[in-house]
Amino acid sequence: MQKVFEKPVSIDEKPFSYCAGCTHGIIHRLVAESIDELGIREKVIGVAPVGCSVFAYEFFNFDMCSAAHGRAPAVATGIKRARPENIVFTYQGDGDLAAIGTAEIVHAAARAEKITTIFVNNAIYGMTGGQMAPTTLVGQKTDTTPYGRKVENQGYPIKVAEMLSTLEGANYIERVTVISPAHVNKAKAAIKKAFQYQIEGKGFNLIEVLSTCPSCWGMSPIKAIEWLKANMIPHYPLGVYKDGAKTE
Amino acid sequence: MAKIEVNADRCKGCLLCAEFCPKKIIKQSDVLNSKGYYPAMQTEPEKCVGCAACAKMCPDVAITVYR
């Protein structure tokens with residue numbers, strides 16, 4: 001018998017600190033596998049966010065740095081411009097990217113920065129204990145919307161992939177999820193493509209990954225996957241939103 | 001012939017592997033790991049086809065697949 005599936009080299013030995021069943025770990029693995037397969041582990045510099053994945057630099061086996069809350073795209077811009085030979089990516093959650101970091105991500109995309117962003121959307125603030133996020137669905141119960149998010153009070157959730165795909169500077173924007181082996185395969189292909197584009201000198205590239213938060217949603221890992229499928233995918237449709245930046 | 005190996009110390013017993021195993025041959029162990037979780041374990045290894053569906057769904061990269 002031969003090994004046909006094992007932990008990628010780009011994932012470190014340290015066990016993940018995520019809750020049981022949280023799909024952050026699957027997304028970490030897809031990033032690591034893509035980097036291994038493209039043979040860029042020695043060239044990659046990742047930027048960790050603030051949020052549950054704040055310790056991402058402990059779990060990836062390549063160079064990483066941390067940014068202030070929401071500022072990962074600004075830090076990544078600096079790294080990429082100073083060291084264009086490196087492959088630079090940010091790994092951010094929805095509380096980081098779509099709330100405090102909205103300005104940074106919008107302008108990084110508008111400037112067509114040659115970076116890759118992995119955006120993990122679980123419709124809630126996970127690390128701080130389950131408060132409403134900008135991506136929380138209408139009607140969704142959280143710690144700060146105990147009766148469900150109401151449009152008259154909190155407005156509407158932000159659709160990041162759709163919003164960024166309107167910018168001319170965006171090169172590749174796709175929304176995927178990781179709720180079944182088939183979805184995982186598609187997500188892997190998208191993440192790998194987002195890195196491949198950067199290797200070719202193209203940007204800005206963003207993959208939005210719909211992810212579960214069993215702890216803060218108050219569900220078992222399997223119920224959380226069912227909830228994501230029934231509630232998040234209708235509001236956040238999967239698919240390619242942009243492929244190819246405007247060229248003059 | 002195929003089999004899986006679960007790294008019991010990485011596993012948190014979320015059982016996404018068991019849910020997506022097409023042969024339904026992954027169960028929860030009744031022995032605690034060092035972190036206090038009941039990890040996943042394979043039963044009836046002769047039925048395993050090595051499809052790696054479990055490993056693809058594992059959020060803790062705890063599964064190695066042999067085929």
# chains A, B, ... in the order shown; residues from 1 in each chain; ligands from 1

call {"tool": "interface_residues", "arguments": {"of": "chain A", "to": "chain B", "cutoff": "6 Å", "atoms": "only C-alpha atoms", "output": "PDB file with N, CA, C and O atoms, in the first residue's frame"}}
result
ATOM      1  N   MET A   1       0.834  -1.202   0.000  1.00  0.00           N
ATOM      2  CA  MET A   1       0.000   0.000   0.000  1.00  0.00           C
ATOM      3  C   MET A   1       0.872   1.257   0.000  1.00  0.00           C
ATOM      4  O   MET A   1       1.900   1.287   0.637  1.00  0.00           O
ATOM      5  N   GLN A   2       0.419   2.250  -0.733  1.00  0.00           N
ATOM      6  CA  GLN A   2       1.156   3.514  -0.777  1.00  0.00           C
ATOM      7  C   GLN A   2       0.344   4.615  -0.110  1.00  0.00           C
ATOM      8  O   GLN A   2      -0.879   4.580  -0.131  1.00  0.00           O
ATOM      9  N   LYS A   3       1.071   5.588   0.421  1.00  0.00           N
ATOM     10  CA  LYS A   3       0.388   6.752   0.983  1.00  0.00           C
ATOM     11  C   LYS A   3      -0.239   7.533  -0.153  1.00  0.00           C
ATOM     12  O   LYS A   3       0.453   7.936  -1.085  1.00  0.00           O
ATOM     13  N   VAL A   4      -1.539   7.755  -0.114  1.00  0.00           N
ATOM     14  CA  VAL A   4      -2.177   8.557  -1.168  1.00  0.00           C
ATOM     15  C   VAL A   4      -2.679   9.895  -0.635  1.00  0.00           C
ATOM     16  O   VAL A   4      -3.091  10.752  -1.405  1.00  0.00           O
ATOM     17  N   PHE A   5      -2.666  10.058   0.688  1.00  0.00           N
ATOM     18  CA  PHE A   5      -3.112  11.336   1.256  1.00  0.00           C
ATOM     19  C   PHE A   5      -2.432  11.511   2.597  1.00  0.00           C
ATOM     20  O   PHE A   5      -2.516  10.645   3.462  1.00  0.00           O
ATOM     21  N   GLU A   6      -1.726  12.621   2.764  1.00  0.00           N
ATOM     22  CA  GLU A   6      -1.093  12.889   4.057  1.00  0.00           C
ATOM     23  C   GLU A   6      -1.040  14.393   4.294  1.00  0.00           C
ATOM     24  O   GLU A   6      -1.340  15.186   3.404  1.00  0.00           O
ATOM     25  N   LYS A   7      -0.648  14.752   5.488  1.00  0.00           N
ATOM     26  CA  LYS A   7      -0.538  16.159   5.870  1.00  0.00           C
ATOM     27  C   LYS A   7       0.474  16.848   4.961  1.00  0.00           C
ATOM     28  O   LYS A   7       1.581  16.357   4.807  1.00  0.00           O
ATOM     29  N   PRO A  15      -0.841  20.989  16.519  1.00  0.00           N
ATOM     30  CA  PRO A  15      -2.284  20.816  16.258  1.00  0.00           C
ATOM     31  C   PRO A  15      -2.996  22.169  16.217  1.00  0.00           C
ATOM     32  O   PRO A  15      -2.619  23.110  16.913  1.00  0.00           O
ATOM     33  N   ALA A  20     -13.644  21.957  17.549  1.00  0.00           N
ATOM     34  CA  ALA A  20     -13.912  20.711  16.830  1.00  0.00           C
ATOM     35  C   ALA A  20     -14.918  20.969  15.710  1.00  0.00           C
ATOM     36  O   ALA A  20     -15.945  21.589  15.938  1.00  0.00           O
ATOM     37  N   GLY A  21     -14.582  20.525  14.501  1.00  0.00           N
ATOM     38  CA  GLY A  21     -15.504  20.636  13.377  1.00  0.00           C
ATOM     39  C   GLY A  21     -15.485  21.968  12.662  1.00  0.00           C
ATOM     40  O   GLY A  21     -16.198  22.155  11.679  1.00  0.00           O
ATOM     41  N   THR A  23     -14.401  24.552  10.031  1.00  0.00           N
ATOM     42  CA  THR A  23     -13.811  24.261   8.726  1.00  0.00           C
ATOM     43  C   THR A  23     -12.606  25.142   8.384  1.00  0.00           C
ATOM     44  O   THR A  23     -12.042  25.011   7.300  1.00  0.00           O
ATOM     45  N   GLY A  25      -9.776  24.611   9.459  1.00  0.00           N
ATOM     46  CA  GLY A  25      -8.691  23.645   9.268  1.00  0.00           C
ATOM     47  C   GLY A  25      -8.644  23.098   7.846  1.00  0.00           C
ATOM     48  O   GLY A  25      -7.559  22.887   7.287  1.00  0.00           O
ATOM     49  N   ILE A  26      -9.825  22.868   7.258  1.00  0.00           N
ATOM     50  CA  ILE A  26      -9.868  22.370   5.877  1.00  0.00           C
ATOM     51  C   ILE A  26      -9.274  23.436   4.949  1.00  0.00           C
ATOM     52  O   ILE A  26      -8.477  23.137   4.055  1.00  0.00           O
ATOM     53  N   PRO A 181     -16.843  16.635   0.172  1.00  0.00           N
ATOM     54  CA  PRO A 181     -15.585  16.392  -0.564  1.00  0.00           C
ATOM     55  C   PRO A 181     -15.582  17.043  -1.956  1.00  0.00           C
ATOM     56  O   PRO A 181     -14.556  17.560  -2.399  1.00  0.00           O
TER      57      PRO A 181
END

call {"tool": "select_by_dssp", "arguments": {"residues": "segment 14-224 of chain A", "states": "helix (DSSP H, G or I)", "output": "ChimeraX atom specification"}}
result
/A:24-38,52-59,72-82,94-100,102-110,151-154,160-165,181-199,214-217,221-224

call {"tool": "closest_residue", "arguments": {"among": "A:Gly218, A:Gln154, A:Val209, A:Leu167", "to": "Asp243 of chain A", "atoms": "only C-alpha atoms"}}
result
A:Leu167

call {"tool": "residues_around", "arguments": {"residues": "segment 43-47 of chain B", "least_positions_apart": "3", "cutoff": "7 Å", "atoms": "only C-alpha atoms", "output": "short mmCIF file (atom, residue, chain, number, x, y, z; two decimals) with all heavy atoms, in the first residue's frame"}}
result
data_model
loop_
_atom_site.label_atom_id
_atom_site.label_comp_id
_atom_site.auth_asym_id
_atom_site.auth_seq_id
_atom_site.Cartn_x
_atom_site.Cartn_y
_atom_site.Cartn_z
N LYS B 3 -6.42 1.57 3.64
CA LYS B 3 -6.67 1.82 5.07
C LYS B 3 -6.41 3.29 5.38
O LYS B 3 -5.79 4.00 4.59
CB LYS B 3 -5.80 0.93 5.95
CG LYS B 3 -4.32 1.24 5.87
CD LYS B 3 -3.56 0.58 7.01
CE LYS B 3 -2.10 0.97 6.94
NZ LYS B 3 -1.28 0.55 8.02
N ILE B 25 -17.62 3.37 7.86
CA ILE B 25 -16.79 2.49 8.70
C ILE B 25 -15.89 3.30 9.63
O ILE B 25 -14.88 2.81 10.10
CB ILE B 25 -15.94 1.53 7.84
CG1 ILE B 25 -15.14 2.29 6.78
CG2 ILE B 25 -16.80 0.47 7.20
CD1 ILE B 25 -14.11 1.46 6.06
N ILE B 26 -16.26 4.58 9.90
CA ILE B 26 -15.51 5.35 10.88
C ILE B 26 -16.42 5.62 12.08
O ILE B 26 -17.57 6.03 11.92
CB ILE B 26 -14.99 6.68 10.28
CG1 ILE B 26 -14.11 6.38 9.06
CG2 ILE B 26 -14.21 7.49 11.32
CD1 ILE B 26 -13.61 7.61 8.32
N LYS B 27 -15.90 5.32 13.26
CA LYS B 27 -16.67 5.50 14.49
C LYS B 27 -15.84 6.30 15.49
O LYS B 27 -14.65 6.52 15.28
CB LYS B 27 -16.99 4.13 15.10
CG LYS B 27 -17.75 3.19 14.17
CD LYS B 27 -19.15 2.93 14.69
CE LYS B 27 -20.17 2.59 13.61
NZ LYS B 27 -19.74 1.78 12.50
#

call {"tool": "closest_residue", "arguments": {"among": "A:Thr145, A:Gln140, A:Ser53, A:Ser34", "to": "Tyr18 of chain A", "atoms": "only C-alpha atoms"}}
result
A:Ser53

call {"tool": "atom_distance", "arguments": {"atom1": "atom CA of Val31 of chain A", "atom2": "atom CA of Ala194 of chain A"}}
result
10.2 Å
